[in-house]
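The file my_file_15.pdb contains PDB, C-alpha atoms:
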MODEL        1
ATOM      1  CA  ASP A   1      32.696 -11.014 -23.264
ATOM      2  CA  ASP A   2      30.745 -11.079 -20.009
ATOM      3  CA  GLY A   3      29.191  -7.694 -20.667
ATOM      4  CA  TYR A   4      31.028  -6.008 -17.816
ATOM      5  CA  ASP A   5      32.217  -2.491 -18.532
ATOM      6  CA  GLU A   6      34.408  -0.430 -16.236
ATOM      7  CA  SER A   7      32.449   2.661 -17.238
ATOM      8  CA  ASP A   8      29.287   0.965 -15.929
ATOM      9  CA  SER A   9      31.014   0.404 -12.611
ATOM     10  CA  GLU A  10      32.218   3.989 -12.492
ATOM     11  CA  GLU A  11      28.721   5.244 -13.322
ATOM     12  CA  SER A  12      27.230   3.044 -10.607
ATOM     13  CA  ASN A  13      29.775   4.287  -8.101
ATOM     14  CA  GLY A  14      29.055   7.828  -9.221
ATOM     15  CA  ASN A  15      25.328   7.368  -8.686
ATOM     16  CA  GLY A  16      25.961   5.914  -5.253
ATOM     17  CA  SER A  17      28.224   8.814  -4.378
ATOM     18  CA  ALA A  18      25.656  11.336  -5.607
ATOM     19  CA  SER A  19      22.925   9.658  -3.572
ATOM     20  CA  SER A  20      25.131   9.695  -0.498
ATOM     21  CA  SER A  21      25.875  13.393  -1.030
ATOM     22  CA  LEU A  22      22.166  14.181  -1.359
ATOM     23  CA  GLN A  23      21.415  12.275   1.833
ATOM     24  CA  SER A  24      24.156  14.182   3.611
ATOM     25  CA  CYS A  25      22.807  17.521   2.354
ATOM     26  CA  PHE A  26      19.288  16.569   3.362
ATOM     27  CA  LYS A  27      20.417  15.601   6.859
ATOM     28  CA  THR A  28      22.273  18.891   7.210
ATOM     29  CA  MET A  29      19.156  20.822   6.181
ATOM     30  CA  VAL A  30      16.981  18.926   8.653
ATOM     31  CA  ASP A  31      19.507  19.461  11.447
ATOM     32  CA  THR A  32      19.628  23.191  10.694
ATOM     33  CA  LEU A  33      15.833  23.498  10.606
ATOM     34  CA  THR A  34      15.552  21.472  13.804
ATOM     35  CA  LYS A  35      17.812  23.944  15.600
ATOM     36  CA  GLN A  36      15.693  26.848  14.367
ATOM     37  CA  ASP A  37      12.265  25.314  15.054
ATOM     38  CA  PRO A  38      12.526  21.988  16.903
ATOM     39  CA  GLU A  39       8.814  21.804  17.714
ATOM     40  CA  THR A  40       7.614  22.068  14.113
ATOM     41  CA  ILE A  41      10.235  19.700  12.705
ATOM     42  CA  GLY A  42       9.601  17.167  15.466
ATOM     43  CA  GLN A  43       5.858  17.193  14.895
ATOM     44  CA  VAL A  44       6.222  16.910  11.115
ATOM     45  CA  GLN A  45       8.591  13.960  11.485
ATOM     46  CA  THR A  46       6.123  12.252  13.822
ATOM     47  CA  LEU A  47       3.234  12.896  11.420
ATOM     48  CA  VAL A  48       5.102  11.473   8.422
ATOM     49  CA  LYS A  49       6.385   8.471  10.386
ATOM     50  CA  GLU A  50       2.915   7.548  11.629
ATOM     51  CA  LEU A  51       1.313   8.072   8.223
ATOM     52  CA  ARG A  52       3.851   5.660   6.781
ATOM     53  CA  ARG A  53       2.894   3.180   9.491
ATOM     54  CA  ILE A  54      -0.695   3.096   8.235
ATOM     55  CA  THR A  55       0.303   2.990   4.559
ATOM     56  CA  LEU A  56      -0.248  -0.749   4.499
ATOM     57  CA  LEU A  57      -1.668  -2.360   7.609
ATOM     58  CA  TRP A  58      -0.549  -5.881   8.471
ATOM     59  CA  ASP A  59      -3.685  -7.622   7.219
ATOM     60  CA  GLU A  60      -3.522  -5.568   4.012
ATOM     61  CA  LEU A  61       0.143  -6.530   3.635
ATOM     62  CA  TRP A  62      -0.649 -10.235   3.934
ATOM     63  CA  LEU A  63      -3.608 -10.127   1.576
ATOM     64  CA  GLY A  64      -1.726  -8.082  -1.010
ATOM     65  CA  THR A  65       1.348 -10.314  -0.892
ATOM     66  CA  LEU A  66      -0.687 -13.511  -1.156
ATOM     67  CA  ALA A  67      -2.595 -12.077  -4.113
ATOM     68  CA  GLN A  68       0.679 -11.032  -5.737
ATOM     69  CA  HIS A  69       2.064 -14.574  -5.417
ATOM     70  CA  GLN A  70      -1.181 -16.307  -6.361
ATOM     71  CA  SER A  71      -0.106 -17.283  -9.869
ATOM     72  CA  GLU A  72       3.257 -18.534  -8.587
ATOM     73  CA  ILE A  73       1.543 -20.635  -5.905
ATOM     74  CA  LEU A  74      -0.794 -22.172  -8.492
ATOM     75  CA  LYS A  75       2.114 -22.844 -10.827
ATOM     76  CA  ARG A  76       4.044 -24.632  -8.090
ATOM     77  CA  GLN A  77       1.008 -26.676  -7.129
ATOM     78  CA  GLN A  78       0.657 -27.849 -10.732
ATOM     79  CA  GLN A  79       4.385 -28.559 -10.921
ATOM     80  CA  LEU A  80       4.197 -30.603  -7.725
ATOM     81  CA  GLU A  81       1.237 -32.609  -9.027
ATOM     82  CA  PHE A  82       3.138 -33.319 -12.251
ATOM     83  CA  GLU A  83       6.277 -34.434 -10.396
ATOM     84  CA  ILE A  84       4.302 -36.696  -8.052
ATOM     85  CA  GLU A  85       2.537 -38.270 -11.016
ATOM     86  CA  LYS A  86       5.921 -38.997 -12.605
ATOM     87  CA  VAL A  87       7.103 -40.668  -9.415
ATOM     88  CA  ASN A  88       3.934 -42.770  -9.232
ATOM     89  CA  GLU A  89       4.452 -43.968 -12.797
ATOM     90  CA  ASN A  90       8.025 -45.059 -12.116
ATOM     91  CA  ALA A  91       7.792 -48.846 -11.727
ATOM     92  CA  ASN A  92      11.459 -49.166 -10.744
ATOM     93  CA  LEU A  93      10.963 -47.495  -7.365
ATOM     94  CA  SER A  94       9.791 -49.174  -4.192
ATOM     95  CA  LYS A  95       6.936 -47.765  -2.122
ATOM     96  CA  GLU A  96       9.368 -46.348   0.431
ATOM     97  CA  GLU A  97      11.543 -44.778  -2.278
ATOM     98  CA  LYS A  98       8.512 -43.181  -3.889
ATOM     99  CA  LEU A  99       7.388 -41.674  -0.594
ATOM    100  CA  SER A 100      10.880 -40.366   0.135
ATOM    101  CA  LEU A 101      11.147 -38.855  -3.345
ATOM    102  CA  LYS A 102       7.721 -37.221  -3.070
ATOM    103  CA  LEU A 103       8.674 -35.645   0.247
ATOM    104  CA  GLU A 104      11.882 -34.272  -1.237
ATOM    105  CA  LYS A 105      10.124 -32.871  -4.302
ATOM    106  CA  HIS A 106       7.501 -31.304  -2.064
ATOM    107  CA  ARG A 107      10.219 -29.699   0.053
ATOM    108  CA  ILE A 108      12.070 -28.270  -2.964
ATOM    109  CA  ILE A 109       9.011 -26.972  -4.840
ATOM    110  CA  VAL A 110       7.264 -25.474  -1.807
ATOM    111  CA  LYS A 111      10.443 -23.937  -0.340
ATOM    112  CA  PRO A 112      10.055 -20.532  -2.131
ATOM    113  CA  ILE A 113       6.480 -20.258  -0.835
ATOM    114  CA  ILE A 114       7.633 -20.947   2.714
ATOM    115  CA  PHE A 115      10.418 -18.387   2.266
ATOM    116  CA  PHE A 116       8.132 -15.428   1.498
ATOM    117  CA  LEU A 117       5.653 -16.549   4.169
ATOM    118  CA  GLU A 118       8.440 -16.577   6.754
ATOM    119  CA  GLN A 119       9.521 -13.115   5.631
ATOM    120  CA  LEU A 120       5.983 -11.818   6.149
ATOM    121  CA  ARG A 121       5.833 -13.635   9.472
ATOM    122  CA  ASP A 122       9.000 -11.852  10.607
ATOM    123  CA  VAL A 123       7.586  -8.445   9.628
ATOM    124  CA  THR A 124       4.248  -8.960  11.367
ATOM    125  CA  GLY A 125       5.585 -10.987  14.273
ATOM    126  CA  VAL A 126       7.437  -8.146  15.976
ATOM    127  CA  GLU A 127       6.231  -6.521  19.174
ATOM    128  CA  PRO A 128       2.921  -4.791  18.307
ATOM    129  CA  GLU A 129       2.855  -1.023  18.756
ATOM    130  CA  THR A 130      -0.831  -0.378  18.096
ATOM    131  CA  PRO A 131      -4.125  -2.030  19.096
ATOM    132  CA  HIS A 132      -4.669  -2.978  15.450
ATOM    133  CA  GLU A 133      -1.337  -4.805  15.283
ATOM    134  CA  LYS A 134      -2.064  -6.543  18.583
ATOM    135  CA  HIS A 135      -5.478  -7.646  17.310
ATOM    136  CA  PHE A 136      -3.877  -8.931  14.103
ATOM    137  CA  GLN A 137      -1.465 -11.126  16.025
ATOM    138  CA  GLU A 138      -4.190 -12.445  18.308
ATOM    139  CA  LYS A 139      -6.402 -13.323  15.348
ATOM    140  CA  TYR A 140      -3.943 -14.583  12.734
ATOM    141  CA  LEU A 141      -0.501 -15.370  14.170
ATOM    142  CA  THR A 142      -1.361 -18.889  15.354
ATOM    143  CA  ASP A 143      -2.882 -19.727  11.961
ATOM    144  CA  ILE A 144       0.192 -18.348  10.200
ATOM    145  CA  ASP A 145       2.579 -20.424  12.315
ATOM    146  CA  GLU A 146       0.500 -23.556  11.741
ATOM    147  CA  LEU A 147       0.413 -22.871   8.001
ATOM    148  CA  ILE A 148       4.195 -22.547   7.721
ATOM    149  CA  ASN A 149       4.667 -25.688   9.800
ATOM    150  CA  LYS A 150       2.208 -27.694   7.683
ATOM    151  CA  LEU A 151       3.855 -26.593   4.453
ATOM    152  CA  ALA A 152       7.261 -27.580   5.803
ATOM    153  CA  ASN A 153       5.935 -30.855   7.241
ATOM    154  CA  PRO A 154       2.922 -31.901   5.134
ATOM    155  CA  ASP A 155       0.538 -34.536   6.478
ATOM    156  CA  ASN A 156      -0.128 -35.828   2.987
ATOM    157  CA  PRO A 157       2.656 -34.850   0.550
ATOM    158  CA  ILE A 158       1.217 -37.028  -2.206
ATOM    159  CA  ARG A 159      -1.773 -34.672  -2.464
ATOM    160  CA  PRO A 160      -0.525 -31.109  -3.163
ATOM    161  CA  THR A 161      -4.072 -29.756  -3.074
ATOM    162  CA  ASP A 162      -4.409 -30.883   0.532
ATOM    163  CA  SER A 163      -1.010 -29.594   1.623
ATOM    164  CA  LEU A 164      -1.702 -26.139   0.137
ATOM    165  CA  GLN A 165      -5.271 -25.989   1.446
ATOM    166  CA  PRO A 166      -4.282 -24.178   4.702
ATOM    167  CA  LEU A 167      -2.720 -21.419   2.593
ATOM    168  CA  LYS A 168      -5.960 -20.937   0.663
ATOM    169  CA  ALA A 169      -7.918 -20.985   3.920
ATOM    170  CA  LEU A 170      -5.729 -18.246   5.393
ATOM    171  CA  GLN A 171      -6.091 -16.117   2.274
ATOM    172  CA  LYS A 172      -9.865 -16.550   2.401
ATOM    173  CA  LYS A 173      -9.817 -15.459   6.031
ATOM    174  CA  PHE A 174      -8.019 -12.245   5.093
ATOM    175  CA  GLN A 175     -10.410 -11.651   2.202
ATOM    176  CA  GLN A 176     -13.499 -11.703   4.398
ATOM    177  CA  LYS A 177     -13.144  -8.036   5.333
ATOM    178  CA  PHE A 178     -12.117  -6.922   1.847
ATOM    179  CA  HIS A 179     -14.527  -8.895  -0.329
ATOM    180  CA  LYS A 180     -16.960  -6.063  -1.050
ATOM    181  CA  ARG A 181     -16.229  -3.249  -3.488
ATOM    182  CA  SER A 182     -17.096  -0.609  -0.929
ATOM    183  CA  LEU A 183     -15.084   1.322   1.589
ATOM    184  CA  TYR A 184     -14.898   0.287   5.207
ATOM    185  CA  THR A 185     -13.754   2.217   8.239
ATOM    186  CA  LEU A 186     -11.246   1.832  11.049
ATOM    187  CA  LYS A 187     -10.509   3.952  14.084
ATOM    188  CA  MET A 188      -7.369   6.063  14.090
ATOM    189  CA  ALA A 189      -6.975   5.258  17.786
ATOM    190  CA  ASP A 190      -6.524   1.599  16.791
ATOM    191  CA  ILE A 191      -4.177   1.943  13.823
ATOM    192  CA  SER A 192      -2.117   4.888  15.114
ATOM    193  CA  PRO A 193      -2.665   6.093  18.677
ATOM    194  CA  VAL A 194       0.063   8.690  18.102
ATOM    195  CA  LEU A 195      -1.843  10.384  15.256
ATOM    196  CA  HIS A 196      -5.053  10.126  17.239
ATOM    197  CA  GLY A 197      -3.379  11.875  20.164
ATOM    198  CA  MET A 198      -1.956  14.785  18.163
ATOM    199  CA  SER A 199      -3.698  18.052  19.034
ATOM    200  CA  ASN A 200      -3.122  21.765  18.547
ATOM    201  CA  THR A 201      -0.033  21.179  16.448
ATOM    202  CA  VAL A 202       2.054  23.832  14.740
ATOM    203  CA  ILE A 203       2.034  21.841  11.471
ATOM    204  CA  ALA A 204       0.689  23.885   8.565
ATOM    205  CA  MET A 205      -2.332  22.301   6.908
ATOM    206  CA  PRO A 206      -0.976  20.382   3.874
ATOM    207  CA  GLY A 207      -1.673  22.030   0.534
ATOM    208  CA  VAL A 208      -3.407  25.068   2.033
ATOM    209  CA  ALA A 209      -1.948  28.400   0.963
ATOM    210  CA  THR A 210      -0.546  30.464   3.816
ATOM    211  CA  ASN A 211      -1.471  34.098   4.164
ATOM    212  CA  GLY A 212       1.078  35.853   6.301
ATOM    213  CA  ARG A 213       0.169  35.357   9.934
ATOM    214  CA  ASN A 214      -3.045  33.473   9.186
ATOM    215  CA  THR A 215      -1.500  30.052   8.724
ATOM    216  CA  VAL A 216      -4.000  27.227   9.150
ATOM    217  CA  THR A 217      -2.511  24.463  11.289
ATOM    218  CA  ILE A 218      -3.638  20.935  12.145
ATOM    219  CA  SER A 219      -5.633  20.967  15.373
ATOM    220  CA  CYS A 220      -6.401  17.251  15.380
ATOM    221  CA  ILE A 221      -7.065  14.247  13.158
ATOM    222  CA  ALA A 222     -10.502  12.633  12.991
ATOM    223  CA  ASN A 223     -10.803   9.204  14.564
ATOM    224  CA  VAL A 224     -12.670   7.678  11.606
ATOM    225  CA  VAL A 225     -10.429   6.436   8.784
ATOM    226  CA  SER A 226     -12.097   5.213   5.593
ATOM    227  CA  ILE A 227     -10.243   2.558   3.584
ATOM    228  CA  LEU A 228     -10.949   2.534  -0.144
ATOM    229  CA  PRO A 229     -11.262  -0.943  -1.721
ATOM    230  CA  THR A 230      -8.608  -0.442  -4.400
ATOM    231  CA  LYS A 231      -5.304  -2.269  -4.793
ATOM    232  CA  THR A 232      -3.118  -0.078  -2.554
ATOM    233  CA  LYS A 233      -5.858   0.448   0.085
ATOM    234  CA  PRO A 234      -5.624   4.284   0.252
ATOM    235  CA  LYS A 235      -6.948   5.923   3.417
ATOM    236  CA  LYS A 236      -9.380   8.825   3.569
ATOM    237  CA  LEU A 237      -8.318  11.103   6.422
ATOM    238  CA  VAL A 238      -9.949  14.198   7.880
ATOM    239  CA  PHE A 239      -7.830  16.921   9.509
ATOM    240  CA  LEU A 240      -9.471  19.591  11.647
ATOM    241  CA  GLY A 241      -7.835  22.960  11.054
ATOM    242  CA  SER A 242      -7.138  25.751  13.505
ATOM    243  CA  ASP A 243      -9.755  27.760  11.590
ATOM    244  CA  GLY A 244     -12.445  25.259  12.585
ATOM    245  CA  GLN A 245     -12.756  23.850   9.068
ATOM    246  CA  LYS A 246     -12.424  20.195   8.089
ATOM    247  CA  TYR A 247      -9.820  19.283   5.468
ATOM    248  CA  THR A 248     -10.157  15.887   3.831
ATOM    249  CA  TYR A 249      -7.278  14.030   2.181
ATOM    250  CA  LEU A 250      -6.627  10.746   0.472
ATOM    251  CA  PHE A 251      -3.449   9.214   1.847
ATOM    252  CA  LYS A 252      -1.882   6.978  -0.790
ATOM    253  CA  GLY A 253       0.992   4.607  -0.207
ATOM    254  CA  LEU A 254       3.145   2.483  -2.510
ATOM    255  CA  GLU A 255       2.951   5.210  -5.168
ATOM    256  CA  ASP A 256       5.211   8.094  -6.131
ATOM    257  CA  LEU A 257       3.050  11.216  -6.254
ATOM    258  CA  HIS A 258       5.735  13.593  -7.499
ATOM    259  CA  LEU A 259       4.450  13.397 -11.085
ATOM    260  CA  ASP A 260       0.904  14.133  -9.874
ATOM    261  CA  GLU A 261       2.289  17.129  -8.005
ATOM    262  CA  ARG A 262       4.024  18.411 -11.146
ATOM    263  CA  ILE A 263       0.812  18.106 -13.160
ATOM    264  CA  MET A 264      -1.094  20.144 -10.568
ATOM    265  CA  GLN A 265       1.661  22.759 -10.594
ATOM    266  CA  PHE A 266       1.436  22.883 -14.391
ATOM    267  CA  LEU A 267      -2.333  23.449 -14.200
ATOM    268  CA  SER A 268      -1.794  26.239 -11.689
ATOM    269  CA  ILE A 269       0.708  27.919 -14.015
ATOM    270  CA  ALA A 270      -1.680  27.442 -16.944
ATOM    271  CA  ASN A 271      -4.447  29.166 -14.970
ATOM    272  CA  THR A 272      -2.149  32.103 -14.281
ATOM    273  CA  MET A 273      -1.400  32.411 -17.988
ATOM    274  CA  MET A 274      -5.060  32.059 -19.004
ATOM    275  CA  ALA A 275      -6.149  34.665 -16.459
ATOM    276  CA  GLN A 276      -5.137  37.265 -19.044
ATOM    277  CA  ASN A 277      -8.106  36.138 -21.169
ATOM    278  CA  ALA A 278     -10.797  37.357 -18.787
ATOM    279  CA  ASP A 279     -14.177  38.606 -19.977
ATOM    280  CA  PRO A 280     -15.293  42.222 -19.369
ATOM    281  CA  ALA A 281     -16.765  41.178 -16.015
ATOM    282  CA  GLY A 282     -13.388  39.869 -14.899
ATOM    283  CA  HIS A 283     -14.280  36.171 -15.078
ATOM    284  CA  ASN A 284     -11.679  33.815 -16.499
ATOM    285  CA  LEU A 285     -12.788  32.336 -19.810
ATOM    286  CA  TYR A 286     -10.567  29.311 -19.349
ATOM    287  CA  ARG A 287      -9.649  27.695 -16.074
ATOM    288  CA  ALA A 288      -8.499  24.206 -15.139
ATOM    289  CA  ARG A 289      -9.632  22.951 -11.755
ATOM    290  CA  HIS A 290      -6.892  21.301  -9.751
ATOM    291  CA  TYR A 291      -6.182  20.107  -6.241
ATOM    292  CA  SER A 292      -3.230  19.854  -3.885
ATOM    293  CA  VAL A 293      -0.848  16.901  -4.033
ATOM    294  CA  ILE A 294       1.693  16.639  -1.217
ATOM    295  CA  PRO A 295       4.339  13.898  -1.626
ATOM    296  CA  LEU A 296       5.679  12.705   1.732
ATOM    297  CA  GLY A 297       8.488  10.702   0.189
ATOM    298  CA  PRO A 298       9.156   8.520  -2.839
ATOM    299  CA  ARG A 299       6.373   6.070  -1.966
ATOM    300  CA  SER A 300       3.529   7.971  -0.302
ATOM    301  CA  GLY A 301       1.684  11.262  -0.135
ATOM    302  CA  LEU A 302      -1.511  13.184   0.530
ATOM    303  CA  ILE A 303      -4.050  14.239  -2.090
ATOM    304  CA  SER A 304      -6.727  16.815  -1.317
ATOM    305  CA  TRP A 305     -10.120  15.138  -1.425
ATOM    306  CA  VAL A 306     -12.447  16.580  -4.069
ATOM    307  CA  ASP A 307     -16.129  16.256  -3.189
ATOM    308  CA  GLY A 308     -18.957  16.034  -5.698
ATOM    309  CA  THR A 309     -17.044  14.024  -8.285
ATOM    310  CA  THR A 310     -17.735  10.688  -9.948
ATOM    311  CA  PRO A 311     -14.878   8.239 -10.591
ATOM    312  CA  MET A 312     -14.357   7.203 -14.207
ATOM    313  CA  PHE A 313     -14.595   3.556 -13.170
ATOM    314  CA  ALA A 314     -18.060   4.163 -11.696
ATOM    315  CA  LEU A 315     -19.259   5.543 -15.040
ATOM    316  CA  TYR A 316     -17.748   2.599 -16.882
ATOM    317  CA  LYS A 317     -19.284   0.123 -14.425
ATOM    318  CA  ARG A 318     -22.747   1.642 -14.858
ATOM    319  CA  TRP A 319     -22.410   1.439 -18.633
ATOM    320  CA  GLN A 320     -21.228  -2.151 -18.346
ATOM    321  CA  ASP A 321     -24.195  -3.064 -16.125
ATOM    322  CA  ARG A 322     -26.601  -1.464 -18.606
ATOM    323  CA  GLU A 323     -25.071  -3.415 -21.486
ATOM    324  CA  VAL A 324     -25.372  -6.674 -19.552
ATOM    325  CA  ALA A 325     -29.003  -5.865 -18.728
ATOM    326  CA  LYS A 326     -29.740  -5.157 -22.413
ATOM    327  CA  ALA A 327     -28.133  -8.430 -23.481
ATOM    328  CA  THR A 328     -30.139 -10.331 -20.863
ATOM    329  CA  LEU A 329     -33.414  -8.787 -22.051
ATOM    330  CA  LYS A 330     -32.654  -9.627 -25.678
ATOM    331  CA  SER A 331     -31.793 -13.238 -24.879
ATOM    332  CA  SER A 332     -34.959 -13.662 -22.830
TER     333      SER A 332
ENDMDL
END

Now, as a test, write the supplied structure out as structure tokens.
Amino acid sequence: DDGYDESDSEESNGNGSASSSLQSCFKTMVDTLTKQDPETIGQVQTLVKELRRITLLWDELWLGTLAQHQSEILKRQQQLEFEIEKVNENANLSKEEKLSLKLEKHRIIVKPIIFFLEQLRDVTGVEPETPHEKHFQEKYLTDIDELINKLANPDNPIRPTDSLQPLKALQKKFQQKFHKRSLYTLKMADISPVLHGMSNTVIAMPGVATNGRNTVTISCIANVVSILPTKTKPKKLVFLGSDGQKYTYLFKGLEDLHLDERIMQFLSIANTMMAQNADPAGHNLYRARHYSVIPLGPRSGLISWVDGTTPMFALYKRWQDREVAKATLKSS
């Protein structure tokens, strides 16, 4: 029994058909809305498209992918060293045969590394559309091409550490701007000139309740973009509203925020229910603070920035530092 079941196939086909139907319905809705209000739909589509562009910038993509494959790279380096040692210990092979065998083993073991590097190279080697992408290519593309070439044609295949050294050097180069656990800033004009150029839009401010005619819209987007030093490199964005107020958001990519949105909706409903338990002065006895979460798709979204809060990790880190300090004092 190979485990294949016709019902599985039918279910898979059914899921594919359902997905296709949903896509068709979605397209029909967008087309209908576009006919009714082409300006709003066009601007929203541009906003979402450009936000997705900055989800993971090219240098962030390279650093994240290299970090993700770090254990695999180390494993292959160790495997290559082991295989070369076996060849060296084989007394039945001539010097030329040993060299030929080492080259072949190097080619086979390093091939998967070259494969994902070439994939990244293809993604980040296209025609740049922003100053940031152009700067990336000017700064890193030559090094990337040399790295791939050296891995495919090593100068010294008998020393895996040497042949993989350019890869470590490139990773270190990417890490230079991310090495500190503090946020850094970029200019929106560099990473998305389109977003930087948007002004006086008809897009309703995300997560802000509308009140009849007094709908707050996005007037422009601040040029300063703060990048948080966490794994997915979320971006702190500031939108200027048509009411003159600043609205700050955390734009997160590579995460599905629909569950976060549901939790916030639940808290809002809970507040409505608990509003019945007000004190004589009309103040709610119980109220859960919440914030707006706006998914922009299955892998990204905006979260309203909440000022005056302390991250849980910061509290833990302070406690950890205090414990280390106590231990140091005791030992001294």

Using all atoms listed in the file, can you tell me which of A:Ile303, A:Val202, A:Leu63, A:Ala209 comes closest to Val238 of chain A? A:Ile303

So how far away is atom CA of Thr55 of chain A from atom CA of Leu186 of chain A, in Å? 13.3 Å

Expressed in Å to a single decimal, how great is the separation between atom CA of Thr142 of chain A and atom CA of Glu50 of chain A?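 That distance, rounded to one decimal, is 27.0 Å.
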
List the neighbours of Ile227 of chain A out to 12 Å using all atoms listed in the file; skip same-chain residues closer than 3 positions along the sequence, and give me the result as a ChimeraX atom specification. /A:54-57,60,177-178,180-188,191,224,230-237,249-252

Centre and size of axis-aligned box enclosing segment 155-173 of chain A plus 3 Å each side, as lines of an AutoDock Vina configuration file:
center_x = -3.6
center_y = -26.2
center_z = 1.7
size_x = 18.5
size_y = 27.6
size_z = 15.6

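Here the question is which of A:Ala18, A:Leu151, A:Val324, A:Ile203 gets nearest to Glu39 of chain A using all atoms listed in the file, and that residue is A:Ile203.
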
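Pairwise distance (atom CA of Thr28 of chain A, atom CA of Ala204 of chain A) equals 22.2 Å.
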
Do you know which residues the PyMOL selection byres ((chain A and resi 220) around 10) returns on this file, as a compact mmCIF listing (two decimals) with C-alpha atoms, in the coordinates of the input?
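This went into expr.txt:
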# COMPACT_ATOMS: atom_id res chain seq x y z
CA LEU A 195 -1.84 10.38 15.26
CA HIS A 196 -5.05 10.13 17.24
CA GLY A 197 -3.38 11.88 20.16
CA MET A 198 -1.96 14.78 18.16
CA SER A 199 -3.70 18.05 19.03
CA ASN A 200 -3.12 21.76 18.55
CA THR A 201 -0.03 21.18 16.45
CA THR A 217 -2.51 24.46 11.29
CA ILE A 218 -3.64 20.94 12.14
CA SER A 219 -5.63 20.97 15.37
CA ILE A 221 -7.06 14.25 13.16
CA ALA A 222 -10.50 12.63 12.99
CA ASN A 223 -10.80 9.20 14.56
CA VAL A 238 -9.95 14.20 7.88
CA PHE A 239 -7.83 16.92 9.51
CA LEU A 240 -9.47 19.59 11.65
CA GLY A 241 -7.84 22.96 11.05
CA SER A 242 -7.14 25.75 13.50
CA LYS A 246 -12.42 20.20 8.09

Need the shell around Lys139 of chain A: protein/DNA/RNA residues with any atom at most 12 Å away, counting only C-alpha atoms. Skip same-chain ones fewer than 3 positions apart. Format as an MDAnalysis selection string? chainID A and resid 58:59 132:136 142:145 170 173:174

Which residue gives the smallest distance to Asn156 of chain A among A:Leu33, A:Gln78, A:Pro298, A:Leu103, with all atoms listed in the file counted?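 Looking only at the distances to Asn156 of chain A, the closest residue turns out to be A:Leu103.
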
Expected selection from the PyMOL selection byres ((chain A and resi 66) around 10), given as a VMD selection string: chain A and resid 60 to 65 67 to 73 113 116 to 117 167 to 168 170 to 171 174
